[in-house]
file query29.cif (mmCIF, C-alpha atoms)
data_my_file
loop_
_atom_site.label_atom_id
_atom_site.label_comp_id
_atom_site.auth_asym_id
_atom_site.auth_seq_id
_atom_site.Cartn_x
_atom_site.Cartn_y
_atom_site.Cartn_z
CA MET A 2 21.46 -44.43 -4.08
CA SER A 3 24.19 -41.95 -3.21
CA GLY A 4 25.41 -42.20 -6.81
CA PHE A 5 22.00 -41.15 -8.09
CA ARG A 6 21.95 -38.20 -5.68
CA SER A 7 25.39 -37.12 -6.87
CA LEU A 8 24.27 -37.35 -10.50
CA SER A 9 21.15 -35.30 -9.74
CA SER A 10 23.20 -32.66 -7.93
CA GLY A 11 25.61 -32.52 -10.86
CA LEU A 12 22.81 -32.00 -13.37
CA ARG A 13 21.37 -29.20 -11.24
CA ALA A 14 24.78 -27.54 -11.17
CA LEU A 15 24.84 -27.52 -14.97
CA GLN A 16 21.48 -25.77 -15.26
CA PRO A 17 21.53 -22.07 -16.23
CA GLU A 18 21.39 -19.74 -13.25
CA ALA A 19 18.38 -18.10 -14.88
CA PHE A 20 16.32 -21.23 -14.20
CA GLY A 21 16.18 -20.05 -10.60
CA ALA A 22 15.27 -22.39 -7.76
CA ASP A 23 12.30 -24.51 -6.77
CA PRO A 24 10.51 -23.67 -3.50
CA ARG A 25 11.60 -25.81 -0.57
CA GLY A 26 11.12 -26.10 3.18
CA GLU A 27 8.65 -23.74 4.81
CA ARG A 28 8.06 -21.93 1.53
CA LEU A 29 6.88 -25.17 -0.08
CA ALA A 30 4.82 -26.04 2.98
CA ARG A 31 3.09 -22.67 2.75
CA ILE A 32 2.37 -23.30 -0.94
CA ARG A 33 0.77 -26.63 -0.10
CA ARG A 34 -1.48 -24.90 2.44
CA SER A 35 -2.75 -22.42 -0.14
CA PRO A 36 -6.45 -22.75 -1.01
CA HIS A 37 -5.42 -22.21 -4.63
CA TYR A 38 -3.11 -25.23 -4.69
CA LYS A 39 -4.61 -28.62 -5.52
CA ASP A 40 -3.21 -32.00 -6.58
CA GLY A 41 0.34 -30.68 -6.68
CA VAL A 42 -0.24 -27.52 -8.75
CA PHE A 43 -1.71 -24.04 -8.48
CA VAL A 44 -5.10 -23.87 -10.16
CA ASN A 45 -6.60 -21.07 -12.22
CA PRO A 46 -9.82 -19.20 -11.48
CA GLY A 47 -12.51 -20.28 -13.89
CA GLY A 48 -11.20 -23.82 -14.29
CA PRO A 49 -8.25 -25.34 -16.14
CA ALA A 50 -6.45 -23.19 -18.71
CA ARG A 51 -4.59 -24.44 -21.75
CA THR A 52 -0.97 -23.41 -21.30
CA ARG A 53 0.43 -24.82 -24.55
CA PRO A 54 -0.62 -24.28 -28.17
CA SER A 55 -3.83 -26.09 -29.04
CA GLY A 56 -4.19 -27.93 -32.31
CA SER A 57 -1.48 -29.81 -34.15
CA ALA A 58 2.15 -28.82 -34.35
CA LEU A 59 1.75 -28.67 -38.12
CA ASP A 60 -1.08 -26.14 -37.86
CA PHE A 61 1.01 -23.95 -35.59
CA ALA A 62 4.07 -24.26 -37.83
CA LYS A 63 2.08 -23.16 -40.89
CA VAL A 64 1.08 -19.95 -39.11
CA PHE A 65 4.42 -19.35 -37.45
CA PHE A 66 6.48 -19.74 -40.64
CA ASP A 67 4.07 -18.00 -43.02
CA LYS A 68 6.31 -16.02 -45.37
CA GLU A 69 3.85 -13.17 -45.89
CA GLN A 70 2.86 -12.60 -42.27
CA ARG A 71 6.12 -13.28 -40.48
CA PRO A 72 7.79 -9.96 -41.47
CA ARG A 73 4.89 -8.06 -39.91
CA ARG A 74 5.70 -9.41 -36.45
CA SER A 75 8.62 -6.99 -36.10
CA PRO A 76 9.01 -3.28 -36.81
CA ALA A 77 9.98 -2.37 -40.35
CA GLY A 78 12.12 0.57 -39.31
CA THR A 79 13.06 2.22 -36.04
CA VAL A 80 11.10 2.30 -32.83
CA PRO A 81 10.74 5.78 -31.30
CA VAL A 82 11.84 5.65 -27.68
CA HIS A 83 11.41 8.62 -25.40
CA ALA A 84 14.82 9.52 -24.03
CA THR A 85 13.79 9.34 -20.39
CA THR A 86 16.24 10.97 -18.01
CA LEU A 87 16.49 11.36 -14.27
CA ALA A 88 15.41 14.96 -14.80
CA ASP A 89 12.13 13.75 -16.31
CA LEU A 90 11.38 11.95 -13.06
CA ALA A 91 13.03 14.32 -10.56
CA GLU A 92 10.04 16.60 -10.02
CA PRO A 93 7.18 14.90 -8.19
CA PRO A 94 4.01 14.48 -10.26
CA ALA A 95 1.71 17.47 -9.91
CA SER A 96 -1.33 15.19 -9.54
CA GLY A 97 0.37 12.74 -7.19
CA LEU A 98 0.41 9.95 -9.80
CA ARG A 99 2.75 9.53 -12.76
CA VAL A 100 3.15 6.42 -14.90
CA THR A 101 6.09 5.58 -17.18
CA TRP A 102 5.82 2.55 -19.45
CA MET A 103 9.33 1.23 -20.05
CA GLY A 104 8.23 -1.30 -22.68
CA HIS A 105 6.54 -4.71 -22.52
CA SER A 106 5.09 -5.04 -18.98
CA SER A 107 7.69 -2.90 -17.20
CA VAL A 108 6.08 0.17 -15.65
CA LEU A 109 7.28 2.73 -13.12
CA ALA A 110 4.36 4.10 -11.10
CA GLU A 111 5.05 7.10 -8.87
CA ILE A 112 2.10 7.11 -6.54
CA ASP A 113 1.51 9.37 -3.54
CA GLY A 114 5.21 9.86 -2.85
CA GLN A 115 6.27 6.23 -3.39
CA ARG A 116 7.92 4.62 -6.42
CA VAL A 117 6.73 1.19 -7.59
CA LEU A 118 8.42 -0.72 -10.41
CA PHE A 119 6.33 -3.47 -12.03
CA ASP A 120 7.90 -6.45 -13.85
CA PRO A 121 11.23 -4.77 -14.65
CA VAL A 122 12.98 -6.34 -17.65
CA TRP A 123 16.14 -4.53 -18.75
CA GLY A 124 17.83 -7.61 -20.24
CA GLU A 125 18.51 -7.95 -23.98
CA ARG A 126 16.61 -11.24 -24.30
CA CYS A 127 13.71 -12.83 -22.42
CA SER A 128 15.44 -16.18 -22.25
CA PRO A 129 17.65 -18.23 -19.92
CA PHE A 130 20.44 -17.91 -22.50
CA PRO A 131 22.25 -14.73 -23.63
CA PHE A 132 22.67 -16.08 -27.17
CA ALA A 133 19.14 -17.27 -27.99
CA GLY A 134 15.51 -16.37 -27.43
CA PRO A 135 13.34 -13.33 -28.19
CA ARG A 136 15.47 -10.20 -28.44
CA ARG A 137 14.43 -6.64 -27.65
CA LEU A 138 12.93 -4.66 -30.52
CA HIS A 139 13.90 -1.38 -28.86
CA PRO A 140 16.33 -0.46 -26.07
CA ALA A 141 15.32 0.27 -22.52
CA PRO A 142 14.47 3.98 -22.37
CA LEU A 143 17.16 4.60 -19.76
CA PRO A 144 19.74 2.54 -17.86
CA LEU A 145 18.38 0.81 -14.79
CA ALA A 146 20.93 2.59 -12.61
CA ALA A 147 19.60 5.95 -13.85
CA LEU A 148 16.06 5.17 -12.73
CA GLY A 149 16.70 6.38 -9.20
CA PRO A 150 15.57 4.81 -5.92
CA VAL A 151 12.61 2.44 -6.04
CA ASP A 152 10.57 1.67 -2.92
CA VAL A 153 9.19 -1.67 -4.08
CA VAL A 154 9.55 -3.95 -7.09
CA VAL A 155 6.40 -5.90 -7.95
CA ILE A 156 6.64 -9.16 -9.91
CA SER A 157 3.56 -10.73 -11.52
CA HIS A 158 5.02 -14.21 -12.23
CA ASP A 159 8.23 -16.01 -13.05
CA HIS A 160 8.27 -16.13 -16.87
CA TYR A 161 11.39 -14.70 -18.50
CA ASP A 162 9.66 -11.66 -19.98
CA HIS A 163 8.53 -10.61 -16.48
CA LEU A 164 11.25 -11.89 -14.15
CA ASP A 165 14.65 -11.06 -15.63
CA LEU A 166 17.82 -12.40 -14.02
CA PRO A 167 20.21 -9.52 -14.90
CA THR A 168 17.65 -6.94 -13.78
CA ILE A 169 16.96 -8.68 -10.47
CA LYS A 170 20.68 -9.11 -9.76
CA ALA A 171 21.20 -5.39 -10.33
CA LEU A 172 18.30 -4.51 -8.03
CA ALA A 173 19.54 -6.99 -5.42
CA GLY A 174 22.34 -4.53 -4.70
CA THR A 175 19.88 -1.78 -3.73
CA ASP A 176 17.61 -1.33 -0.71
CA THR A 177 14.35 -1.92 -2.57
CA LEU A 178 11.74 -4.37 -1.33
CA PHE A 179 10.17 -7.02 -3.56
CA ALA A 180 6.49 -7.98 -3.61
CA VAL A 181 6.04 -11.31 -5.38
CA PRO A 182 3.48 -14.11 -5.71
CA LEU A 183 3.79 -17.17 -3.52
CA GLY A 184 6.84 -19.28 -4.37
CA VAL A 185 8.59 -16.71 -6.60
CA GLY A 186 10.76 -15.67 -3.67
CA ALA A 187 12.78 -18.87 -4.15
CA HIS A 188 14.16 -17.50 -7.41
CA LEU A 189 15.02 -14.13 -5.88
CA GLU A 190 16.80 -15.60 -2.87
CA HIS A 191 18.76 -17.84 -5.24
CA TRP A 192 19.91 -14.69 -7.05
CA GLY A 193 20.99 -12.78 -3.96
CA VAL A 194 17.91 -11.00 -2.60
CA SER A 195 17.78 -11.40 1.18
CA ALA A 196 14.65 -12.96 2.68
CA ASP A 197 13.93 -9.89 4.80
CA ARG A 198 13.37 -7.85 1.63
CA LEU A 199 10.73 -10.21 0.27
CA ARG A 200 6.97 -9.82 0.63
CA GLU A 201 5.59 -13.09 -0.74
CA LEU A 202 1.81 -13.18 -1.13
CA ASP A 203 -0.98 -15.55 -2.02
CA TRP A 204 -4.04 -14.20 -3.84
CA HIS A 205 -6.05 -11.77 -1.70
CA GLU A 206 -3.18 -11.21 0.72
CA GLU A 207 -1.75 -7.73 1.19
CA THR A 208 1.36 -6.01 2.46
CA LYS A 209 2.21 -2.42 3.28
CA VAL A 210 5.21 -0.49 1.97
CA GLY A 211 5.40 3.05 3.25
CA GLY A 212 1.97 4.57 2.68
CA LEU A 213 1.02 1.99 0.04
CA THR A 214 -1.05 -1.17 0.33
CA LEU A 215 -0.15 -3.86 -2.20
CA THR A 216 -2.61 -6.70 -2.79
CA ALA A 217 -1.99 -9.81 -4.88
CA THR A 218 -5.13 -10.53 -6.87
CA PRO A 219 -6.04 -13.48 -9.13
CA ALA A 220 -4.98 -13.92 -12.75
CA ARG A 221 -5.51 -16.69 -15.28
CA HIS A 222 -2.08 -17.84 -16.43
CA PHE A 223 0.70 -20.29 -15.47
CA CYS A 224 4.34 -20.35 -14.37
CA GLY A 225 7.67 -22.02 -15.03
CA ARG A 226 11.29 -21.31 -15.99
CA GLY A 227 13.19 -24.60 -16.11
CA LEU A 228 12.97 -27.80 -18.08
CA ARG A 229 10.49 -29.11 -15.55
CA ASN A 230 7.43 -26.90 -15.01
CA THR A 231 6.38 -27.85 -11.49
CA GLN A 232 3.60 -25.22 -11.18
CA HIS A 233 4.96 -24.49 -7.71
CA THR A 234 5.03 -20.71 -8.11
CA LEU A 235 1.93 -18.56 -8.29
CA TRP A 236 1.03 -15.88 -10.84
CA ALA A 237 -0.90 -12.74 -9.92
CA SER A 238 -2.30 -9.40 -10.90
CA TRP A 239 -1.66 -6.55 -8.46
CA VAL A 240 -3.50 -3.68 -6.82
CA VAL A 241 -1.43 -0.81 -5.39
CA ALA A 242 -3.35 1.73 -3.34
CA GLY A 243 -2.00 4.92 -1.81
CA GLU A 244 -3.69 7.59 0.27
CA GLU A 245 -5.11 9.33 -2.81
CA HIS A 246 -4.56 7.07 -5.81
CA ARG A 247 -4.78 3.42 -6.82
CA VAL A 248 -3.56 1.45 -9.82
CA PHE A 249 -3.97 -2.07 -11.19
CA HIS A 250 -1.39 -4.16 -13.06
CA SER A 251 -2.76 -7.25 -14.79
CA GLY A 252 0.45 -9.22 -15.24
CA ASP A 253 -0.29 -11.94 -17.82
CA THR A 254 -3.80 -13.31 -17.85
CA GLY A 255 -6.64 -14.60 -19.91
CA TYR A 256 -9.99 -12.88 -19.54
CA PHE A 257 -12.14 -14.14 -16.66
CA ASP A 258 -15.09 -12.93 -14.61
CA GLY A 259 -12.85 -12.23 -11.62
CA PHE A 260 -12.02 -8.76 -12.95
CA ARG A 261 -15.45 -7.61 -11.78
CA GLU A 262 -14.76 -8.94 -8.29
CA ILE A 263 -11.35 -7.25 -8.17
CA GLY A 264 -12.92 -3.97 -9.27
CA ALA A 265 -15.71 -4.24 -6.72
CA ALA A 266 -13.25 -4.97 -3.90
CA HIS A 267 -10.44 -2.56 -4.80
CA GLY A 268 -11.52 -0.17 -7.56
CA PRO A 269 -12.14 2.03 -9.30
CA PHE A 270 -8.57 2.81 -10.38
CA ASP A 271 -6.89 5.94 -11.58
CA ALA A 272 -5.00 3.78 -14.06
CA THR A 273 -5.16 0.17 -15.17
CA MET A 274 -2.18 -1.47 -16.86
CA ILE A 275 -3.63 -4.25 -18.97
CA GLN A 276 -1.95 -7.03 -20.99
CA ILE A 277 -3.13 -6.87 -24.61
CA GLY A 278 -0.26 -8.47 -26.56
CA ALA A 279 1.16 -11.91 -27.39
CA TYR A 280 -2.34 -13.33 -27.74
CA SER A 281 -3.27 -16.16 -30.10
CA ASP A 282 -6.08 -18.53 -30.98
CA PHE A 283 -3.55 -21.24 -30.11
CA TRP A 284 -3.53 -20.15 -26.41
CA PRO A 285 -6.75 -18.18 -25.79
CA ASP A 286 -6.97 -18.99 -22.07
CA ILE A 287 -3.79 -17.28 -20.86
CA HIS A 288 -3.42 -13.99 -22.77
CA MET A 289 -6.03 -11.37 -23.65
CA THR A 290 -6.75 -9.77 -26.99
CA PRO A 291 -7.11 -5.95 -27.05
CA GLU A 292 -10.90 -6.35 -27.03
CA GLU A 293 -10.73 -8.63 -24.00
CA GLY A 294 -8.28 -6.26 -22.33
CA MET A 295 -10.69 -3.38 -22.77
CA ARG A 296 -13.49 -5.55 -21.38
CA ALA A 297 -11.29 -6.27 -18.34
CA HIS A 298 -10.68 -2.54 -17.90
CA LEU A 299 -14.41 -1.84 -17.96
CA ASP A 300 -15.03 -4.64 -15.47
CA LEU A 301 -12.40 -3.26 -13.12
CA GLN A 302 -13.74 0.27 -13.38
CA GLY A 303 -17.45 -0.47 -13.48
CA GLY A 304 -17.53 1.56 -16.72
CA PRO A 305 -15.21 3.61 -18.96
CA GLY A 306 -13.61 5.65 -16.16
CA GLY A 307 -9.92 6.03 -15.42
CA VAL A 308 -7.07 5.56 -17.90
CA MET A 309 -6.18 2.25 -19.54
CA LEU A 310 -2.50 1.70 -20.39
CA PRO A 311 -1.90 -1.24 -22.76
CA ILE A 312 1.12 -3.34 -21.76
CA HIS A 313 2.86 -6.57 -22.82
CA TRP A 314 3.52 -5.53 -26.39
CA ALA A 315 5.96 -3.75 -28.76
CA THR A 316 9.19 -4.88 -27.04
CA PHE A 317 9.46 -8.61 -27.79
CA ASN A 318 8.09 -10.77 -30.60
CA LEU A 319 6.21 -13.46 -28.66
CA ALA A 320 3.23 -14.38 -30.87
CA THR A 321 2.10 -14.70 -34.47
CA HIS A 322 0.09 -11.47 -34.73
CA ALA A 323 1.49 -8.38 -36.42
CA TRP A 324 3.65 -6.09 -34.27
CA THR A 325 1.12 -3.28 -34.62
CA ASP A 326 -2.03 -5.30 -33.88
CA PRO A 327 -2.09 -4.80 -30.08
CA GLY A 328 -1.76 -1.02 -30.41
CA GLU A 329 -4.26 -0.75 -33.26
CA GLY A 330 -6.68 -3.10 -31.52
CA THR A 331 -6.56 -1.15 -28.26
CA LEU A 332 -7.04 2.12 -30.12
CA ALA A 333 -10.16 0.73 -31.79
CA ALA A 334 -11.49 -0.93 -28.62
CA GLY A 335 -11.14 2.28 -26.62
CA ARG A 336 -12.84 4.29 -29.35
CA ALA A 337 -15.75 1.82 -29.46
CA VAL A 338 -16.61 2.25 -25.77
CA GLY A 339 -15.44 5.81 -25.14
CA ALA A 340 -12.66 4.76 -22.78
CA ARG A 341 -9.62 6.91 -22.11
CA VAL A 342 -6.55 5.07 -23.44
CA ALA A 343 -2.95 6.17 -22.93
CA LEU A 344 -0.57 5.33 -25.80
CA PRO A 345 2.86 6.55 -24.69
CA ARG A 346 6.05 5.73 -26.50
CA PRO A 347 8.32 3.54 -24.36
CA GLY A 348 9.78 5.76 -21.67
CA GLU A 349 7.29 8.63 -22.02
CA PRO A 350 6.01 9.70 -18.57
CA PHE A 351 2.41 10.86 -18.21
CA GLU A 352 -0.04 11.68 -15.44
CA PRO A 353 -3.35 9.82 -15.72
CA GLY A 354 -5.06 12.71 -13.94
CA GLY A 355 -3.85 15.26 -16.48
CA GLU A 356 -6.08 16.96 -19.03
CA THR A 357 -4.53 14.92 -21.83
CA VAL A 358 -2.63 11.67 -22.05
CA PRO A 359 -0.46 10.46 -24.96
CA GLY A 360 -2.78 9.31 -27.71
CA GLU A 361 -0.83 9.22 -30.97
CA PRO A 362 -0.33 5.84 -32.68
CA TRP A 363 3.44 6.29 -32.67
CA TRP A 364 4.08 2.74 -33.88
CA ARG A 365 2.76 3.49 -37.38
CA GLY A 366 5.94 5.32 -38.32
CA ALA A 367 8.01 2.21 -37.58
CA ALA A 368 5.72 -0.40 -39.14
CA ARG A 369 4.60 -1.87 -42.43
CA ALA A 370 1.20 -0.43 -43.29
CA PRO A 371 -1.56 -3.04 -43.44
CA VAL A 372 -3.36 -3.86 -46.65
CA GLY A 373 -5.85 -1.05 -47.19
CA GLY A 374 -3.88 1.39 -45.05
CA TRP A 375 -4.29 2.56 -41.46
CA GLN A 376 -7.65 3.19 -39.90
CA PRO A 377 -8.37 6.95 -39.64
CA LEU A 378 -7.91 8.53 -36.23
CA ASP A 379 -11.05 9.54 -34.39
CA GLU A 380 -11.53 13.03 -32.96
CA THR A 381 -10.37 12.03 -29.47
CA THR A 382 -7.10 10.66 -30.79
CA VAL A 383 -6.61 13.65 -33.08
CA GLU A 384 -7.08 15.99 -30.12
CA ALA A 385 -4.54 14.06 -28.08
CA LYS A 386 -2.12 14.23 -31.00
CA ALA A 387 -2.74 17.96 -31.40
CA ASP A 388 -2.04 18.55 -27.71
CA THR A 389 1.21 16.63 -28.04
CA ASP A 390 2.23 18.48 -31.21
CA SER A 391 1.50 21.83 -29.61
CA ASP A 392 3.84 21.04 -26.73
CA GLU A 393 6.82 19.81 -28.74
CA PRO A 394 8.29 20.05 -32.22
CA LYS A 395 7.43 17.19 -34.56
CA GLY A 396 9.86 14.32 -33.99
CA ALA A 397 11.07 15.67 -30.63
CA ALA A 398 10.49 14.21 -27.22
CA GLU A 399 9.15 16.08 -24.22
CA GLY A 400 11.58 18.61 -22.87
CA GLY A 401 12.97 19.29 -26.35
CA GLU A 402 14.97 16.05 -26.63
CA ALA A 403 14.70 13.97 -29.78
CA PRO A 404 13.39 10.43 -29.16
CA GLU A 405 16.00 7.74 -29.42
CA ALA A 406 15.63 5.68 -32.58
CA VAL A 407 17.28 2.30 -32.98
CA PRO A 408 17.39 -0.31 -35.72
CA ALA A 409 14.60 -2.84 -35.44
CA GLY A 410 15.85 -6.15 -34.11
#
call {"tool": "encode", "arguments": {"input": "query29.cif", "output": "structure tokens"}}
result
Amino acid sequence: MSGFRSLSSGLRALQPEAFGADPRGERLARIRRSPHYKDGVFVNPGGPARTRPSGSALDFAKVFFDKEQRPRRSPAGTVPVHATTLADLAEPPASGLRVTWMGHSSVLAEIDGQRVLFDPVWGERCSPFPFAGPRRLHPAPLPLAALGPVDVVVISHDHYDHLDLPTIKALAGTDTLFAVPLGVGAHLEHWGVSADRLRELDWHEETKVGGLTLTATPARHFCGRGLRNTQHTLWASWVVAGEEHRVFHSGDTGYFDGFREIGAAHGPFDATMIQIGAYSDFWPDIHMTPEEGMRAHLDLQGGPGGVMLPIHWATFNLATHAWTDPGEGTLAAGRAVGARVALPRPGEPFEPGGETVPGEPWWRGAARAPVGGWQPLDETTVEAKADTDSDEPKGAAEGGEAPEAVPAG
């Protein structure tokens, strides 16, 4: 038997560091005590969710390798990135709340004097390997080291496009705290984050950081990084509430009725950050379409109040829809219900409480136009665009700096 143990240990040693570590000891015991853990796995609200493509492999391959549609999954030209600098973020937000979308699901929220960084991914690929896997379609708006001090890093779940090894290792050398779902702390400790800097929560549990209250709330998704998906780490959405403001970050999730309950318990929110990309008919239970994302926003708010920021799109090619579809779909969904939607370029700070928020469909300049052309902008979007144009020269970023443009990957 000792030979088998030695072989097992050797195989573990050969695994990529990015696979992380499985929960053990008291952490695993706590997982097994969770009311959301049953028959050896965490279970989703609303019943089982399909976590792998439905239908046949042939059906999926036909869509994935379609010669006409595949080019539309990436930008045709360059992606405009706001050249965020420390100076952009040095002055405190006038309203007390400022949000900066860094691309995909990475968001810096400056809320009531505290700085919260959601799902930071600064790595070149969302993959365990540096030479393979989905590659960034635009650069990070600024180096991680130039972001400045962060009070707490919030992680929604352990997939590679939300929990990034190089980013976590860089942050491990700072004083920041980490708020993570139950079990995810095993990965972070494996990568050098000390246990005393971890706040590991089950759904409906909360922790305090400075003047903020962070609550892990349910989501409909799944977990896993290695060859064996043990379902031993939880996934979550998050509520962050300060003295004056509160925000919601969806993480990855399918639509479910629990958004109404989260809104009733913790809302309404000054801003919701809602996943609206990487959806597909092949996995409808675990990612939302733009229409479902807008429905979730309305559920959380009890109506069209607050600002909805679409996340989980534009940075990585993770599904079969066109690169522009999440942005265009959110634009249309917001227009249909009269909701206030923020559409910043990656790295463009904005204050949800301001008179205007970024509203220009910036992605159109970097994309292949759809058959029949782009949908016309409604009056609300045109006004937002006019406000932006009046503040800065065409093609320039806020503060007079030209947005960084890079070749599409």
call {"tool": "closest_residue", "arguments": {"input": "query29.cif", "among": "A:Val185, A:Val151, A:Ala141, A:Leu164", "to": "Leu109 (chain A)", "atoms": "all atoms listed in the file"}}
result
A:Val151
call {"tool": "closest_residue", "arguments": {"input": "query29.cif", "among": "A:Glu361, A:Glu352, A:Asp113, A:Asp282", "to": "Arg53 (chain A)", "atoms": "all atoms listed in the file"}}
result
A:Asp282
call {"tool": "residues_around", "arguments": {"input": "query29.cif", "residues": "Ala196 (chain A)", "least_positions_apart": "6", "cutoff": "12 Å", "atoms": "all atoms listed in the file", "output": "PDB file with C-alpha atoms, in the coordinates of the input"}}
result
ATOM      1  CA  ARG A  28       8.060 -21.930   1.530  1.00  0.00           C
ATOM      2  CA  ALA A 173      19.540  -6.990  -5.420  1.00  0.00           C
ATOM      3  CA  LEU A 178      11.740  -4.370  -1.330  1.00  0.00           C
ATOM      4  CA  PHE A 179      10.170  -7.020  -3.560  1.00  0.00           C
ATOM      5  CA  ALA A 180       6.490  -7.980  -3.610  1.00  0.00           C
ATOM      6  CA  VAL A 181       6.040 -11.310  -5.380  1.00  0.00           C
ATOM      7  CA  VAL A 185       8.590 -16.710  -6.600  1.00  0.00           C
ATOM      8  CA  GLY A 186      10.760 -15.670  -3.670  1.00  0.00           C
ATOM      9  CA  ALA A 187      12.780 -18.870  -4.150  1.00  0.00           C
ATOM     10  CA  HIS A 188      14.160 -17.500  -7.410  1.00  0.00           C
ATOM     11  CA  LEU A 189      15.020 -14.130  -5.880  1.00  0.00           C
ATOM     12  CA  GLU A 190      16.800 -15.600  -2.870  1.00  0.00           C
TER      13      GLU A 190
END
call {"tool": "resolve_selection", "arguments": {"input": "query29.cif", "expression": "the PyMOL selection byres ((chain A and resi 259) around 10)", "output": "VMD selection string"}}
result
chain A and resid 46 to 47 218 to 221 256 to 258 260 to 265 297 300 to 301
call {"tool": "residues_around", "arguments": {"input": "query29.cif", "residues": "region 125-138 of chain A", "least_positions_apart": "6", "cutoff": "10 Å", "atoms": "all atoms listed in the file", "output": "ChimeraX atom specification"}}
result
/A:16-21,75-76,79-80,104-105,160-167,226-227,315-319,407-410
call {"tool": "write_last_selection", "arguments": {"input": "query29.cif", "atoms": "C-alpha atoms", "output": "CSV table (one decimal), keeping the file's coordinate frame"}}
result
chain,number,residue,atom,x,y,z
A,16,GLN,CA,21.5,-25.8,-15.3
A,17,PRO,CA,21.5,-22.1,-16.2
A,18,GLU,CA,21.4,-19.7,-13.2
A,19,ALA,CA,18.4,-18.1,-14.9
A,20,PHE,CA,16.3,-21.2,-14.2
A,21,GLY,CA,16.2,-20.0,-10.6
A,75,SER,CA,8.6,-7.0,-36.1
A,76,PRO,CA,9.0,-3.3,-36.8
A,79,THR,CA,13.1,2.2,-36.0
A,80,VAL,CA,11.1,2.3,-32.8
A,104,GLY,CA,8.2,-1.3,-22.7
A,105,HIS,CA,6.5,-4.7,-22.5
A,160,HIS,CA,8.3,-16.1,-16.9
A,161,TYR,CA,11.4,-14.7,-18.5
A,162,ASP,CA,9.7,-11.7,-20.0
A,163,HIS,CA,8.5,-10.6,-16.5
A,164,LEU,CA,11.2,-11.9,-14.2
A,165,ASP,CA,14.6,-11.1,-15.6
A,166,LEU,CA,17.8,-12.4,-14.0
A,167,PRO,CA,20.2,-9.5,-14.9
A,226,ARG,CA,11.3,-21.3,-16.0
A,227,GLY,CA,13.2,-24.6,-16.1
A,315,ALA,CA,6.0,-3.8,-28.8
A,316,THR,CA,9.2,-4.9,-27.0
A,317,PHE,CA,9.5,-8.6,-27.8
A,318,ASN,CA,8.1,-10.8,-30.6
A,319,LEU,CA,6.2,-13.5,-28.7
A,407,VAL,CA,17.3,2.3,-33.0
A,408,PRO,CA,17.4,-0.3,-35.7
A,409,ALA,CA,14.6,-2.8,-35.4
A,410,GLY,CA,15.8,-6.2,-34.1
call {"tool": "resolve_selection", "arguments": {"input": "query29.cif", "expression": "the PyMOL selection byres ((chain A and resi 280) around 7)", "output": "mmCIF file with C-alpha atoms, in the frame of the given file"}}
result
data_model
loop_
_atom_site.group_PDB
_atom_site.id
_atom_site.type_symbol
_atom_site.label_atom_id
_atom_site.label_comp_id
_atom_site.auth_asym_id
_atom_site.auth_seq_id
_atom_site.Cartn_x
_atom_site.Cartn_y
_atom_site.Cartn_z
ATOM 1 C CA GLY A 278 -0.260 -8.470 -26.560
ATOM 2 C CA ALA A 279 1.160 -11.910 -27.390
ATOM 3 C CA SER A 281 -3.270 -16.160 -30.100
ATOM 4 C CA PRO A 285 -6.750 -18.180 -25.790
ATOM 5 C CA HIS A 288 -3.420 -13.990 -22.770
ATOM 6 C CA MET A 289 -6.030 -11.370 -23.650
ATOM 7 C CA THR A 290 -6.750 -9.770 -26.990
ATOM 8 C CA ALA A 320 3.230 -14.380 -30.870
#
call {"tool": "resolve_selection", "arguments": {"input": "query29.cif", "expression": "the PyMOL selection byres ((chain A and resi 329-341) around 6)", "output": "list in words"}}
result
Pro291, Glu292, Pro305, Val308, Asp326, Pro327, Gly328 and Val342 of chain A
call {"tool": "closest_residue", "arguments": {"input": "query29.cif", "among": "A:Pro140, A:Glu245, A:His322, A:Asp120", "to": "Ser96 (chain A)", "atoms": "all atoms listed in the file"}}
result
A:Glu245
call {"tool": "closest_residue", "arguments": {"input": "query29.cif", "among": "A:Trp192, A:Phe65, A:Trp239, A:Phe223", "to": "Pro49 (chain A)", "atoms": "only C-alpha atoms"}}
result
A:Phe223
call {"tool": "atom_distance", "arguments": {"input": "query29.cif", "atom1": "CA of Lys63 (chain A)", "atom2": "CA of His139 (chain A)"}}
result
27.5 Å
call {"tool": "closest_residue", "arguments": {"input": "query29.cif", "among": "A:Gly184, A:Gly193, A:Pro121, A:Gly255", "to": "His222 (chain A)", "atoms": "all atoms listed in the file"}}
result
A:Gly255
call {"tool": "atom_distance", "arguments": {"input": "query29.cif", "atom1": "CA of Gly304 (chain A)", "atom2": "CA of Met274 (chain A)"}}
result
15.6 Å
call {"tool": "residues_around", "arguments": {"input": "query29.cif", "residues": "Gly212 (chain A)", "least_positions_apart": "2", "cutoff": "8 Å", "atoms": "all atoms listed in the file", "output": "ChimeraX atom specification"}}
result
/A:113,115,209-210,214,243-244
call {"tool": "closest_residue", "arguments": {"input": "query29.cif", "among": "A:Arg99, A:His191, A:Arg73, A:Arg34", "to": "Gly355 (chain A)", "atoms": "only C-alpha atoms"}}
result
A:Arg99
call {"tool": "residues_around", "arguments": {"input": "query29.cif", "residues": "Leu172 (chain A)", "least_positions_apart": "3", "cutoff": "9 Å", "atoms": "only C-alpha atoms", "output": "PyMOL selection string"}}
result
chain A and resi 145-146+154+167-169+175-177+194
call {"tool": "residues_around", "arguments": {"input": "query29.cif", "residues": "Gln276 (chain A)", "least_positions_apart": "6", "cutoff": "7 Å", "atoms": "only C-alpha atoms", "output": "number ranges by chain"}}
result
A: 251-253, 289, 294, 311-313
call {"tool": "atom_distance", "arguments": {"input": "query29.cif", "atom1": "CA of Met309 (chain A)", "atom2": "CA of Ile277 (chain A)"}}
result
10.9 Å
